[in-house]
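*Asks:* This is the content of start-v4.pdb (PDB, C-alpha atoms and all ligand atoms):
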ATOM      1  CA  ALA A   1      29.330 -41.911 117.194
ATOM      2  CA  ALA A   2      28.590 -38.440 115.828
ATOM      3  CA  PRO A   3      25.681 -38.479 113.363
ATOM      4  CA  VAL A   4      26.400 -37.991 109.665
ATOM      5  CA  LEU A   5      23.500 -35.602 109.348
ATOM      6  CA  ALA A   6      21.705 -33.401 111.859
ATOM      7  CA  ILE A   7      18.892 -31.138 110.688
ATOM      8  CA  ARG A   8      17.866 -28.506 113.235
ATOM      9  CA  ASP A   9      14.616 -26.548 112.945
ATOM     10  CA  LEU A  10      14.643 -26.392 109.157
ATOM     11  CA  ARG A  11      12.102 -23.928 107.773
ATOM     12  CA  VAL A  12      11.501 -23.152 104.115
ATOM     13  CA  SER A  13       9.102 -20.592 102.713
ATOM     14  CA  PHE A  14       8.815 -18.921  99.353
ATOM     15  CA  PRO A  15       6.797 -16.076  97.882
ATOM     16  CA  THR A  16       4.099 -16.795  95.289
ATOM     17  CA  ASP A  17       1.509 -14.586  93.588
ATOM     18  CA  ASP A  18      -0.997 -15.739  96.225
ATOM     19  CA  GLY A  19       1.233 -15.060  99.258
ATOM     20  CA  VAL A  20       4.049 -16.768 101.145
ATOM     21  CA  VAL A  21       3.967 -20.588 101.068
ATOM     22  CA  HIS A  22       5.276 -22.122 104.300
ATOM     23  CA  ALA A  23       6.487 -25.422 102.843
ATOM     24  CA  VAL A  24       8.635 -26.697 105.735
ATOM     25  CA  ASN A  25       7.771 -25.528 109.218
ATOM     26  CA  GLY A  26      10.249 -26.966 111.669
ATOM     27  CA  MET A  27      11.978 -30.181 110.663
ATOM     28  CA  ASP A  28      14.480 -31.964 112.914
ATOM     29  CA  LEU A  29      16.283 -35.138 111.995
ATOM     30  CA  THR A  30      19.390 -37.023 113.069
ATOM     31  CA  LEU A  31      20.867 -39.742 110.886
ATOM     32  CA  ALA A  32      23.586 -42.178 111.975
ATOM     33  CA  ARG A  33      26.315 -43.406 109.621
ATOM     34  CA  GLY A  34      25.170 -46.312 107.471
ATOM     35  CA  GLU A  35      21.510 -45.923 108.463
ATOM     36  CA  THR A  36      18.460 -45.297 106.310
ATOM     37  CA  VAL A  37      15.748 -42.934 107.436
ATOM     38  CA  GLY A  38      12.432 -42.760 105.625
ATOM     39  CA  ILE A  39      10.622 -39.450 105.253
ATOM     40  CA  VAL A  40       6.971 -40.259 104.685
ATOM     41  CA  GLY A  41       3.952 -38.112 103.914
ATOM     42  CA  GLU A  42       1.366 -37.212 101.296
ATOM     43  CA  SER A  43       2.207 -34.845  98.469
ATOM     44  CA  GLY A  44       2.415 -31.316  99.854
ATOM     45  CA  SER A  45       3.780 -32.526 103.193
ATOM     46  CA  GLY A  46       7.145 -30.861 102.608
ATOM     47  CA  LYS A  47       9.198 -33.987 101.839
ATOM     48  CA  THR A  48      10.502 -32.894  98.466
ATOM     49  CA  VAL A  49      11.189 -29.295  99.511
ATOM     50  CA  THR A  50      13.172 -30.703 102.455
ATOM     51  CA  THR A  51      15.367 -32.681 100.050
ATOM     52  CA  GLN A  52      15.829 -29.646  97.802
ATOM     53  CA  ALA A  53      17.030 -27.681 100.828
ATOM     54  CA  LEU A  54      19.431 -30.505 101.767
ATOM     55  CA  MET A  55      20.930 -30.542  98.276
ATOM     56  CA  GLY A  56      21.282 -26.751  98.369
ATOM     57  CA  LEU A  57      19.020 -26.439  95.331
ATOM     58  CA  LEU A  58      17.149 -23.504  96.866
ATOM     59  CA  LYS A  59      20.240 -21.317  97.117
ATOM     60  CA  ASP A  60      20.090 -18.281  94.836
ATOM     61  CA  THR A  61      16.289 -18.640  94.576
ATOM     62  CA  SER A  62      13.564 -16.547  96.187
ATOM     63  CA  ALA A  63      13.075 -19.227  98.886
ATOM     64  CA  SER A  64      13.956 -18.456 102.501
ATOM     65  CA  VAL A  65      15.730 -21.389 104.168
ATOM     66  CA  THR A  66      16.511 -21.122 107.902
ATOM     67  CA  GLY A  67      17.835 -23.606 110.434
ATOM     68  CA  GLN A  68      20.884 -25.842 110.250
ATOM     69  CA  ILE A  69      21.744 -28.748 107.957
ATOM     70  CA  LEU A  70      24.857 -30.215 109.562
ATOM     71  CA  LEU A  71      26.636 -32.760 107.362
ATOM     72  CA  ASP A  72      29.628 -34.120 109.265
ATOM     73  CA  GLY A  73      29.425 -30.971 111.387
ATOM     74  CA  GLN A  74      29.464 -28.538 108.412
ATOM     75  CA  ASP A  75      26.317 -26.418 108.109
ATOM     76  CA  LEU A  76      25.320 -26.735 104.449
ATOM     77  CA  ASN A  77      22.735 -24.008 104.873
ATOM     78  CA  ALA A  78      25.508 -21.520 105.665
ATOM     79  CA  LEU A  79      27.377 -22.251 102.402
ATOM     80  CA  THR A  80      27.138 -20.173  99.255
ATOM     81  CA  GLU A  81      26.084 -21.811  95.993
ATOM     82  CA  ALA A  82      29.733 -21.844  94.834
ATOM     83  CA  GLN A  83      30.859 -23.557  98.071
ATOM     84  CA  MET A  84      27.968 -26.028  97.874
ATOM     85  CA  ARG A  85      29.173 -27.284  94.479
ATOM     86  CA  ALA A  86      32.104 -28.968  96.203
ATOM     87  CA  TYR A  87      29.651 -31.001  98.306
ATOM     88  CA  ARG A  88      26.917 -31.788  95.788
ATOM     89  CA  GLY A  89      27.723 -35.058  94.041
ATOM     90  CA  LYS A  90      30.735 -35.716  96.265
ATOM     91  CA  LYS A  91      29.434 -35.747  99.853
ATOM     92  CA  ILE A  92      25.713 -35.680  99.151
ATOM     93  CA  ALA A  93      23.996 -37.116  96.094
ATOM     94  CA  MET A  94      20.457 -37.694  94.973
ATOM     95  CA  ILE A  95      18.388 -40.093  92.917
ATOM     96  CA  PHE A  96      14.905 -39.371  91.615
ATOM     97  CA  GLN A  97      11.784 -41.061  90.350
ATOM     98  CA  ASP A  98      12.696 -40.199  86.759
ATOM     99  CA  PRO A  99      16.307 -41.048  85.822
ATOM    100  CA  LEU A 100      15.966 -39.267  82.489
ATOM    101  CA  SER A 101      15.765 -35.975  84.365
ATOM    102  CA  ALA A 102      19.229 -36.676  85.814
ATOM    103  CA  MET A 103      20.850 -37.786  82.547
ATOM    104  CA  HIS A 104      21.780 -36.030  79.357
ATOM    105  CA  PRO A 105      20.018 -37.710  76.417
ATOM    106  CA  PHE A 106      22.910 -37.199  73.965
ATOM    107  CA  TYR A 107      25.822 -38.684  75.940
ATOM    108  CA  PRO A 108      26.472 -42.361  76.617
ATOM    109  CA  VAL A 109      25.500 -43.435  80.123
ATOM    110  CA  GLY A 110      29.014 -44.603  81.004
ATOM    111  CA  VAL A 111      30.567 -41.304  79.904
ATOM    112  CA  GLN A 112      28.136 -39.433  82.150
ATOM    113  CA  ILE A 113      29.122 -41.586  85.140
ATOM    114  CA  ALA A 114      32.818 -41.093  84.367
ATOM    115  CA  GLU A 115      32.327 -37.319  84.101
ATOM    116  CA  ALA A 116      30.386 -37.258  87.400
ATOM    117  CA  TYR A 117      33.503 -38.835  88.937
ATOM    118  CA  ARG A 118      35.937 -36.455  87.229
ATOM    119  CA  VAL A 119      34.087 -33.368  88.543
ATOM    120  CA  HIS A 120      35.404 -34.189  92.023
ATOM    121  CA  ASN A 121      38.506 -36.304  91.323
ATOM    122  CA  ALA A 122      41.605 -35.390  89.326
ATOM    123  CA  VAL A 123      41.983 -38.529  87.215
ATOM    124  CA  SER A 124      42.443 -39.214  83.515
ATOM    125  CA  LYS A 125      39.466 -39.938  81.246
ATOM    126  CA  LYS A 126      40.684 -43.499  80.904
ATOM    127  CA  ALA A 127      40.865 -44.079  84.655
ATOM    128  CA  ALA A 128      37.414 -42.530  85.137
ATOM    129  CA  ALA A 129      36.021 -44.763  82.371
ATOM    130  CA  ALA A 130      37.342 -47.843  84.167
ATOM    131  CA  ILE A 131      35.689 -46.668  87.391
ATOM    132  CA  ALA A 132      32.397 -46.100  85.544
ATOM    133  CA  VAL A 133      32.484 -49.606  84.027
ATOM    134  CA  ASP A 134      33.150 -51.063  87.461
ATOM    135  CA  MET A 135      30.280 -49.043  88.915
ATOM    136  CA  LEU A 136      27.885 -50.224  86.176
ATOM    137  CA  GLY A 137      28.814 -53.790  87.104
ATOM    138  CA  ARG A 138      28.277 -53.127  90.794
ATOM    139  CA  VAL A 139      24.726 -51.901  90.222
ATOM    140  CA  GLY A 140      23.919 -55.095  88.314
ATOM    141  CA  ILE A 141      24.031 -53.904  84.709
ATOM    142  CA  PRO A 142      24.981 -56.907  82.578
ATOM    143  CA  ASP A 143      27.935 -56.625  80.199
ATOM    144  CA  PRO A 144      29.001 -53.244  81.650
ATOM    145  CA  ARG A 145      31.870 -52.742  79.180
ATOM    146  CA  ARG A 146      29.453 -52.766  76.242
ATOM    147  CA  ARG A 147      26.688 -50.883  78.088
ATOM    148  CA  TYR A 148      29.176 -48.103  78.932
ATOM    149  CA  ALA A 149      28.681 -46.695  75.445
ATOM    150  CA  ALA A 150      24.861 -47.046  75.347
ATOM    151  CA  TYR A 151      22.590 -44.001  75.498
ATOM    152  CA  PRO A 152      19.946 -43.491  78.206
ATOM    153  CA  HIS A 153      17.059 -44.271  75.824
ATOM    154  CA  GLU A 154      18.609 -47.671  75.088
ATOM    155  CA  PHE A 155      18.160 -48.743  78.728
ATOM    156  CA  SER A 156      14.941 -50.151  80.221
ATOM    157  CA  GLY A 157      13.340 -48.206  83.099
ATOM    158  CA  GLY A 158      14.880 -50.475  85.745
ATOM    159  CA  MET A 159      18.339 -50.369  84.098
ATOM    160  CA  ARG A 160      18.179 -46.583  83.850
ATOM    161  CA  GLN A 161      17.393 -46.466  87.564
ATOM    162  CA  ARG A 162      20.440 -48.668  88.226
ATOM    163  CA  ALA A 163      22.587 -46.363  86.073
ATOM    164  CA  MET A 164      21.376 -43.303  87.983
ATOM    165  CA  ILE A 165      22.267 -45.058  91.257
ATOM    166  CA  ALA A 166      25.731 -45.754  89.786
ATOM    167  CA  MET A 167      26.120 -42.081  88.889
ATOM    168  CA  ALA A 168      24.993 -40.960  92.370
ATOM    169  CA  LEU A 169      27.282 -43.372  94.214
ATOM    170  CA  VAL A 170      30.397 -43.159  92.031
ATOM    171  CA  CYS A 171      32.003 -40.568  94.336
ATOM    172  CA  GLU A 172      31.028 -42.588  97.429
ATOM    173  CA  PRO A 173      28.954 -39.830  99.071
ATOM    174  CA  GLU A 174      28.330 -39.744 102.815
ATOM    175  CA  LEU A 175      24.633 -39.231 102.174
ATOM    176  CA  LEU A 176      22.331 -40.430  99.408
ATOM    177  CA  ILE A 177      18.890 -38.868  99.081
ATOM    178  CA  ALA A 178      16.447 -41.110  97.249
ATOM    179  CA  ASP A 179      13.240 -39.286  96.269
ATOM    180  CA  GLU A 180      10.535 -41.836  95.357
ATOM    181  CA  PRO A 181      13.146 -43.842  93.406
ATOM    182  CA  THR A 182      10.888 -46.812  92.717
ATOM    183  CA  THR A 183       7.476 -45.182  92.309
ATOM    184  CA  ALA A 184       7.484 -45.357  88.501
ATOM    185  CA  LEU A 185       8.674 -48.979  88.328
ATOM    186  CA  ASP A 186       6.635 -52.162  88.282
ATOM    187  CA  VAL A 187       6.539 -54.197  91.471
ATOM    188  CA  THR A 188       9.209 -56.763  90.544
ATOM    189  CA  VAL A 189      11.717 -54.158  89.363
ATOM    190  CA  GLN A 190      10.885 -52.038  92.402
ATOM    191  CA  ALA A 191      11.855 -54.919  94.708
ATOM    192  CA  GLN A 192      15.114 -55.450  92.762
ATOM    193  CA  ILE A 193      16.060 -51.761  93.072
ATOM    194  CA  LEU A 194      15.330 -51.743  96.803
ATOM    195  CA  ASP A 195      17.459 -54.892  97.227
ATOM    196  CA  LEU A 196      20.246 -53.194  95.284
ATOM    197  CA  LEU A 197      20.108 -50.097  97.500
ATOM    198  CA  ASN A 198      20.253 -52.318 100.586
ATOM    199  CA  GLU A 199      23.270 -54.210  99.204
ATOM    200  CA  LEU A 200      25.176 -51.095  98.153
ATOM    201  CA  GLN A 201      24.511 -49.468 101.470
ATOM    202  CA  ALA A 202      25.869 -52.461 103.369
ATOM    203  CA  GLU A 203      28.935 -52.364 101.091
ATOM    204  CA  THR A 204      29.658 -48.624 101.187
ATOM    205  CA  GLY A 205      28.261 -47.503 104.566
ATOM    206  CA  THR A 206      26.491 -44.575 102.871
ATOM    207  CA  SER A 207      23.619 -43.106 104.878
ATOM    208  CA  VAL A 208      20.337 -42.838 102.997
ATOM    209  CA  ILE A 209      17.278 -40.615 103.222
ATOM    210  CA  MET A 210      14.412 -42.401 101.494
ATOM    211  CA  VAL A 211      11.592 -40.028 100.612
ATOM    212  CA  THR A 212       8.385 -41.855  99.849
ATOM    213  CA  HIS A 213       4.624 -41.899 100.261
ATOM    214  CA  ASP A 214       4.799 -45.714 100.365
ATOM    215  CA  LEU A 215       5.063 -47.342 103.777
ATOM    216  CA  GLY A 216       5.817 -50.656 102.050
ATOM    217  CA  VAL A 217       9.108 -49.161 100.800
ATOM    218  CA  VAL A 218       9.841 -47.904 104.308
ATOM    219  CA  ALA A 219       9.310 -51.373 105.770
ATOM    220  CA  GLU A 220      11.688 -52.800 103.158
ATOM    221  CA  VAL A 221      14.705 -50.530 103.537
ATOM    222  CA  CYS A 222      14.498 -48.093 106.468
ATOM    223  CA  HIS A 223      15.748 -48.216 110.046
ATOM    224  CA  GLN A 224      14.036 -45.011 111.206
ATOM    225  CA  VAL A 225      10.984 -43.164 109.909
ATOM    226  CA  VAL A 226       9.992 -39.516 110.091
ATOM    227  CA  VAL A 227       6.356 -38.785 109.268
ATOM    228  CA  MET A 228       5.691 -35.317 107.831
ATOM    229  CA  TYR A 229       2.412 -33.444 107.628
ATOM    230  CA  GLY A 230       1.897 -29.813 106.570
ATOM    231  CA  GLY A 231       5.650 -29.257 106.417
ATOM    232  CA  MET A 232       6.093 -30.520 109.963
ATOM    233  CA  HIS A 233       7.704 -33.511 111.470
ATOM    234  CA  VAL A 234       4.776 -35.130 113.333
ATOM    235  CA  GLU A 235       6.269 -38.453 114.473
ATOM    236  CA  GLN A 236       9.600 -40.284 114.457
ATOM    237  CA  ALA A 237      10.376 -43.872 115.443
ATOM    238  CA  THR A 238      12.148 -47.015 114.401
ATOM    239  CA  VAL A 239      10.322 -48.871 111.648
ATOM    240  CA  ALA A 240       9.209 -51.656 114.020
ATOM    241  CA  GLU A 241       7.892 -49.164 116.594
ATOM    242  CA  LEU A 242       6.066 -47.114 114.004
ATOM    243  CA  PHE A 243       4.306 -50.101 112.472
ATOM    244  CA  HIS A 244       3.432 -51.727 115.805
ATOM    245  CA  SER A 245       2.685 -48.706 117.995
ATOM    246  CA  PRO A 246       1.981 -45.603 115.885
ATOM    247  CA  ARG A 247       1.354 -42.645 118.205
ATOM    248  CA  HIS A 248       0.139 -39.865 115.914
ATOM    249  CA  PRO A 249      -3.426 -40.045 114.508
ATOM    250  CA  TYR A 250      -2.105 -39.135 111.036
ATOM    251  CA  THR A 251       0.335 -42.051 111.108
ATOM    252  CA  ARG A 252      -2.472 -44.356 112.202
ATOM    253  CA  GLY A 253      -4.464 -43.101 109.196
ATOM    254  CA  LEU A 254      -1.538 -43.736 106.827
ATOM    255  CA  LEU A 255      -1.151 -47.276 108.132
ATOM    256  CA  ALA A 256      -4.878 -47.950 107.740
ATOM    257  CA  SER A 257      -4.707 -46.775 104.124
ATOM    258  CA  MET A 258      -1.757 -49.028 103.307
ATOM    259  CA  PRO A 259      -2.463 -52.013 101.064
ATOM    260  CA  THR A 260      -1.249 -55.295 102.523
ATOM    261  CA  LEU A 261      -0.329 -58.390 100.566
ATOM    262  CA  VAL A 262      -3.245 -60.309 102.064
ATOM    263  CA  GLY A 263      -5.595 -57.323 102.285
ATOM    264  CA  GLU A 264      -8.820 -56.834 100.417
ATOM    265  CA  SER A 265      -9.330 -53.521  98.702
ATOM    266  CA  GLU A 266     -12.321 -52.667 100.953
ATOM    267  CA  ARG A 267     -10.027 -52.710 103.972
ATOM    268  CA  LEU A 268      -8.217 -49.634 102.717
ATOM    269  CA  GLU A 269      -9.337 -46.477 104.440
ATOM    270  CA  PRO A 270      -7.974 -43.360 102.776
ATOM    271  CA  ILE A 271      -7.744 -40.423 105.184
ATOM    272  CA  PRO A 272     -10.715 -38.172 104.373
ATOM    273  CA  GLY A 273     -10.105 -34.475 103.723
ATOM    274  CA  VAL A 274      -7.220 -32.567 102.211
ATOM    275  CA  PRO A 275      -3.905 -31.285 103.625
ATOM    276  CA  PRO A 276      -3.922 -27.731 105.018
ATOM    277  CA  SER A 277      -3.162 -24.734 102.830
ATOM    278  CA  LEU A 278       0.460 -23.802 103.366
ATOM    279  CA  LEU A 279      -0.381 -20.194 102.541
ATOM    280  CA  ALA A 280      -2.208 -19.499 105.804
ATOM    281  CA  LEU A 281      -1.355 -22.005 108.469
ATOM    282  CA  PRO A 282      -4.176 -22.612 110.970
ATOM    283  CA  GLY A 283      -3.567 -21.579 114.598
ATOM    284  CA  GLY A 284      -4.058 -25.051 116.086
ATOM    285  CA  CYS A 285      -2.946 -28.507 114.951
ATOM    286  CA  LEU A 286      -2.454 -28.685 111.179
ATOM    287  CA  PHE A 287      -4.223 -32.053 111.117
ATOM    288  CA  ALA A 288      -7.269 -30.878 113.155
ATOM    289  CA  ASP A 289      -9.683 -30.712 110.185
ATOM    290  CA  ARG A 290      -9.075 -34.362 109.322
ATOM    291  CA  CYS A 291      -8.294 -35.883 112.694
ATOM    292  CA  PRO A 292     -10.731 -38.532 113.952
ATOM    293  CA  GLU A 293      -9.332 -38.218 117.489
ATOM    294  CA  ALA A 294      -9.511 -34.445 118.063
ATOM    295  CA  HIS A 295     -12.689 -34.874 120.171
ATOM    296  CA  ARG A 296     -10.608 -36.712 122.797
ATOM    297  CA  VAL A 297      -8.666 -33.538 123.576
ATOM    298  CA  PRO A 298     -10.611 -31.154 125.897
ATOM    299  CA  ASP A 299     -11.259 -27.422 125.429
ATOM    300  CA  ASN A 300     -10.902 -27.486 121.613
ATOM    301  CA  ALA A 301      -7.132 -27.338 122.128
ATOM    302  CA  CYS A 302      -6.607 -29.012 118.738
ATOM    303  CA  GLY A 303      -8.299 -26.086 116.987
ATOM    304  CA  THR A 304      -6.538 -23.352 118.928
ATOM    305  CA  ARG A 305      -3.087 -24.446 120.185
ATOM    306  CA  PRO A 306      -0.336 -25.908 117.958
ATOM    307  CA  PRO A 307       0.969 -29.165 119.491
ATOM    308  CA  THR A 308       4.715 -29.613 120.030
ATOM    309  CA  LEU A 309       6.764 -32.774 119.579
ATOM    310  CA  VAL A 310       6.489 -34.640 122.878
ATOM    311  CA  GLY A 311       6.952 -38.144 124.212
ATOM    312  CA  PRO A 312      10.019 -40.341 124.516
ATOM    313  CA  ASP A 313      13.112 -39.097 122.634
ATOM    314  CA  GLU A 314      13.196 -42.250 120.537
ATOM    315  CA  HIS A 315       9.525 -41.957 119.591
ATOM    316  CA  PRO A 316       8.125 -38.417 119.808
ATOM    317  CA  SER A 317       4.765 -37.357 118.390
ATOM    318  CA  ARG A 318       3.362 -33.875 117.729
ATOM    319  CA  CYS A 319      -0.081 -34.317 119.250
ATOM    320  CA  HIS A 320      -2.000 -33.034 122.275
ATOM    321  CA  LEU A 321      -3.057 -36.620 123.058
ATOM    322  CA  GLU A 322       0.502 -37.176 124.309
ATOM    323  CA  THR A 323      -0.079 -34.737 127.150
ATOM    324  CA  LEU A 324      -3.471 -36.084 128.299
ATOM    325  CA  PRO A 325      -3.508 -37.967 131.597
ATOM    326  CA  PRO A 326      -3.766 -41.753 131.141
ATOM    327  CA  ALA A 327      -7.337 -43.010 130.594
ATOM    328  CA  GLY A 328      -9.209 -43.557 133.861
ATOM    329  CA  GLU A 329      -7.173 -41.031 135.835
ATOM    330  CA  VAL A 330      -9.361 -38.327 137.357
ATOM    331  CA  VAL A 331      -8.047 -34.812 136.875
ATOM    332  CA  ARG A 332      -8.998 -32.459 139.746
TER
HETATM  333 FE1  LIG A 401      -5.536 -34.887 116.253
HETATM  334 FE2  LIG A 401      -5.514 -33.014 118.115
HETATM  335 FE3  LIG A 401      -3.518 -34.733 117.959
HETATM  336 FE4  LIG A 401      -3.806 -32.850 116.100
HETATM  337  S1  LIG A 401      -3.346 -32.514 118.263
HETATM  338  S2  LIG A 401      -3.356 -34.981 115.745
HETATM  339  S3  LIG A 401      -6.036 -32.745 115.940
HETATM  340  S4  LIG A 401      -5.664 -35.201 118.445
END
Can you turn what I pasted into structure tokens?
Ligand code: SF4

*Replies:*
Amino acid sequence: AAPVLAIRDLRVSFPTDDGVVHAVNGMDLTLARGETVGIVGESGSGKTVTTQALMGLLKDTSASVTGQILLDGQDLNALTEAQMRAYRGKKIAMIFQDPLSAMHPFYPVGVQIAEAYRVHNAVSKKAAAAIAVDMLGRVGIPDPRRRYAAYPHEFSGGMRQRAMIAMALVCEPELLIADEPTTALDVTVQAQILDLLNELQAETGTSVIMVTHDLGVVAEVCHQVVVMYGGMHVEQATVAELFHSPRHPYTRGLLASMPTLVGESERLEPIPGVPPSLLALPGGCLFADRCPEAHRVPDNACGTRPPTLVGPDEHPSRCHLETLPPAGEVVR
């Protein structure tokens, strides 16, 4: 089946007082209908800018966005801001870490969900209200008829997150982008929200991009994972493959720094060093300054030549180690 989403060589840069920031430097991604892909990386890896480009939020700004963002074959990057408005909320929707940023404080939650529906559907206020009440029920908000008229501040953090999910899904978008949706919640509520997303996805067949720095979240809800570093896609695999056989040294570092339920705190090994400056990209591998495996690659190639994505199609990695002969083989 044709993928719902295909991103081809996405690049985003924007001018600042200090120079041009190269925030996304070649991102490719293919997402099948009904699947969830995780985009994982530290802050500054380009995850959030990628989602802003997908939502068309960088149109009419000073940012330069090149490449293709094909949603059901339509290149969203080629649309004007006015054309994009027909897609945003209807075909592609987003949820964030902070639901209050997505909601108006002075309107009842249910009214906001009903209005989100009416933007894209010609129905009466009454019909939209009924749809909003139904949606509140579907996301697990108790007594949805009464809660329809409540204001955002009257909801708990977890309930607000559910309401934002209701607002994002009310038009049954093809693609839902979830940007750290559970980071601000306590662990129990976090698990409930992830369960809810899994349930709704099974029900609606919506494809999801889950942006997170938390590999635990990835393990919980994703089918595929893309690991980003320095605005680049450095590894992609199924969740099982990535956890069992990570190929890229950065991914191995992320996994080593991941708390486990049975782990002791001293087993955590944060990756030393800081991400590269996106103002002046180094000539070699962006991870070279922090990579514990660079010495395995001869001729200082890591410091001088940028690696490309290589390896099997279903599990590529952007690392020179992929092109070394197998250990023990003599190169003449
Ligand atoms: Fe490490 Fe070199 Fe691979 Fe970059 S190319 S991740 S520096 S081994």

*Asks:* Any idea what the distance is between atom CA of Asn77 of chain A and atom CA of Val49 of chain A?

*Replies:*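 Atom-to-atom, atom CA of Asn77 of chain A to atom CA of Val49 of chain A, that is 13.8 Å.
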
*Asks:* Of the candidates A:Ala53, A:Leu321, A:Ala63, A:Leu76, which shows the shortest atom-to-atom distance to Met27 of chain A, using all atoms listed in the file?

*Replies:*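 So, comparing all the options, the nearest one is A:Ala53.
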
*Asks:* Pick out the residues no farther than 7 Å from ligand LIG 401 (chain A), counting all atoms listed in the file, and list them as a PDB file with C-alpha atoms, keeping the file's coordinate frame.

*Replies:*
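Here's the written file pocket_19.pdb:
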ATOM      1  CA  HIS A 248       0.139 -39.865 115.914  1.00  0.00           C
ATOM      2  CA  PRO A 249      -3.426 -40.045 114.508  1.00  0.00           C
ATOM      3  CA  TYR A 250      -2.105 -39.135 111.036  1.00  0.00           C
ATOM      4  CA  CYS A 285      -2.946 -28.507 114.951  1.00  0.00           C
ATOM      5  CA  LEU A 286      -2.454 -28.685 111.179  1.00  0.00           C
ATOM      6  CA  PHE A 287      -4.223 -32.053 111.117  1.00  0.00           C
ATOM      7  CA  ALA A 288      -7.269 -30.878 113.155  1.00  0.00           C
ATOM      8  CA  CYS A 291      -8.294 -35.883 112.694  1.00  0.00           C
ATOM      9  CA  PRO A 292     -10.731 -38.532 113.952  1.00  0.00           C
ATOM     10  CA  GLU A 293      -9.332 -38.218 117.489  1.00  0.00           C
ATOM     11  CA  ALA A 294      -9.511 -34.445 118.063  1.00  0.00           C
ATOM     12  CA  ARG A 296     -10.608 -36.712 122.797  1.00  0.00           C
ATOM     13  CA  VAL A 297      -8.666 -33.538 123.576  1.00  0.00           C
ATOM     14  CA  CYS A 302      -6.607 -29.012 118.738  1.00  0.00           C
ATOM     15  CA  PRO A 307       0.969 -29.165 119.491  1.00  0.00           C
ATOM     16  CA  ARG A 318       3.362 -33.875 117.729  1.00  0.00           C
ATOM     17  CA  CYS A 319      -0.081 -34.317 119.250  1.00  0.00           C
ATOM     18  CA  HIS A 320      -2.000 -33.034 122.275  1.00  0.00           C
ATOM     19  CA  LEU A 321      -3.057 -36.620 123.058  1.00  0.00           C
TER      20      LEU A 321
END

*Asks:* Counting all atoms listed in the file, write as a list in words all protein and nucleic acid residues lying at most 8 Å from (14.1, -41.9, 95.0) in the file's frame.

*Replies:*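 Looking at atoms near the point gives Met94, Ile95, Phe96, Gln97, Ile177, Ala178, Asp179, Glu180, Pro181, Thr182, Thr183, Met210, Val211 and Thr212 of chain A.
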
*Asks:* Quick one: which residues end up in the PyMOL selection byres (((chain A and resi 112) around 12) and not hetatm) for this structure, as number ranges by chain?

*Replies:* A: 102-111, 113-119, 125, 128-129, 131-133, 135-136, 148-152, 163-164, 166-168, 170

*Asks:* Could you state the separation of atom CA of Ser257 of chain A and atom CA of Asp186 of chain A in Å, given to one decimal place?

*Replies:*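 A separation of 20.2 Å between them.
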
*Asks:* Between atom CA of Gln224 of chain A and atom CA of Ala240 of chain A, what distance in Å does the model show, to one decimal?

*Replies:*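 The value is 8.7 Å.
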
*Asks:* Calculate, to one decimal in Å, the centre and edge lengths of the box along x, y and z of the file that holds all listed atoms of segment 30-40 of chain A with 8 Å of margin on each side, and present them as JSON.

*Replies:*
{"center_x": 16.6, "center_y": -41.7, "center_z": 108.9, "size_x": 35.3, "size_y": 25.3, "size_z": 24.4}

*Asks:* Return the single residue from A:Val187, A:Val20, A:Leu10, A:Leu58 that is closest to Leu279 of chain A, with distances computed using all atoms listed in the file.

*Replies:*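 Among the listed residues, the smallest separation from Leu279 of chain A belongs to A:Val20.
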
*Asks:* Using only C-alpha atoms, determine which residues lie at most 9 Å from Ser62 of chain A, disregarding the query and same-chain residues fewer than 3 positions distant; provide the list as a list of chain:residue names.

*Replies:*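 Using only C-alpha atoms, the neighbours found are A:Ser13, A:Phe14, A:Pro15, A:Leu58, A:Lys59.
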
*Asks:* Enumerate, as a list in words, the residues matched when the PyMOL selection byres (((chain A and resi 28) around 7) and not hetatm) is run on the file above.

*Replies:* Ile7, Arg8, Asp9, Leu10, Gly26, Met27 and Leu29 of chain A

*Asks:* Ranking A:Glu42, A:Ser124, A:Gln161, A:Met84 by minimum distance to Pro99 of chain A and counting all atoms listed in the file, which one comes first?

*Replies:* A:Gln161

*Asks:* The residues within 12 Å of (6.0, -37.3, 106.9), using only C-alpha atoms and the coordinates of the file, should be reported as a ChimeraX atom specification; which are they?

*Replies:* /A:24,27-29,37-48,50,210-215,218,224-237,248,250-251,254,317-318

*Asks:* Exactly which residues make up the result of the PyMOL selection byres (((chain A and resi 277) around 10) and not hetatm) on this file, given as a list in words?

*Replies:*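 Here the PyMOL selection byres (((chain A and resi 277) around 10) and not hetatm) matches Val21, His22, Ala23, Gly44, Gly230, Val274, Pro275, Pro276, Leu278, Leu279, Ala280, Leu281, Pro282 and Leu286 of chain A.
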
*Asks:* Between A:Asn198, A:Gln190, A:Thr51, A:Asn300, which one has atoms that come closest to Val12 of chain A, using all atoms listed in the file?

*Replies:*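 Result for the nearest residue to Val12 of chain A: A:Thr51.
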
*Asks:* For Asn25 of chain A, which residue out of A:Val65, A:Leu79, A:Met159, A:Val123 is the nearest one, using only C-alpha atoms?

*Replies:*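 Of all the options, A:Val65 lies closest to Asn25 of chain A.
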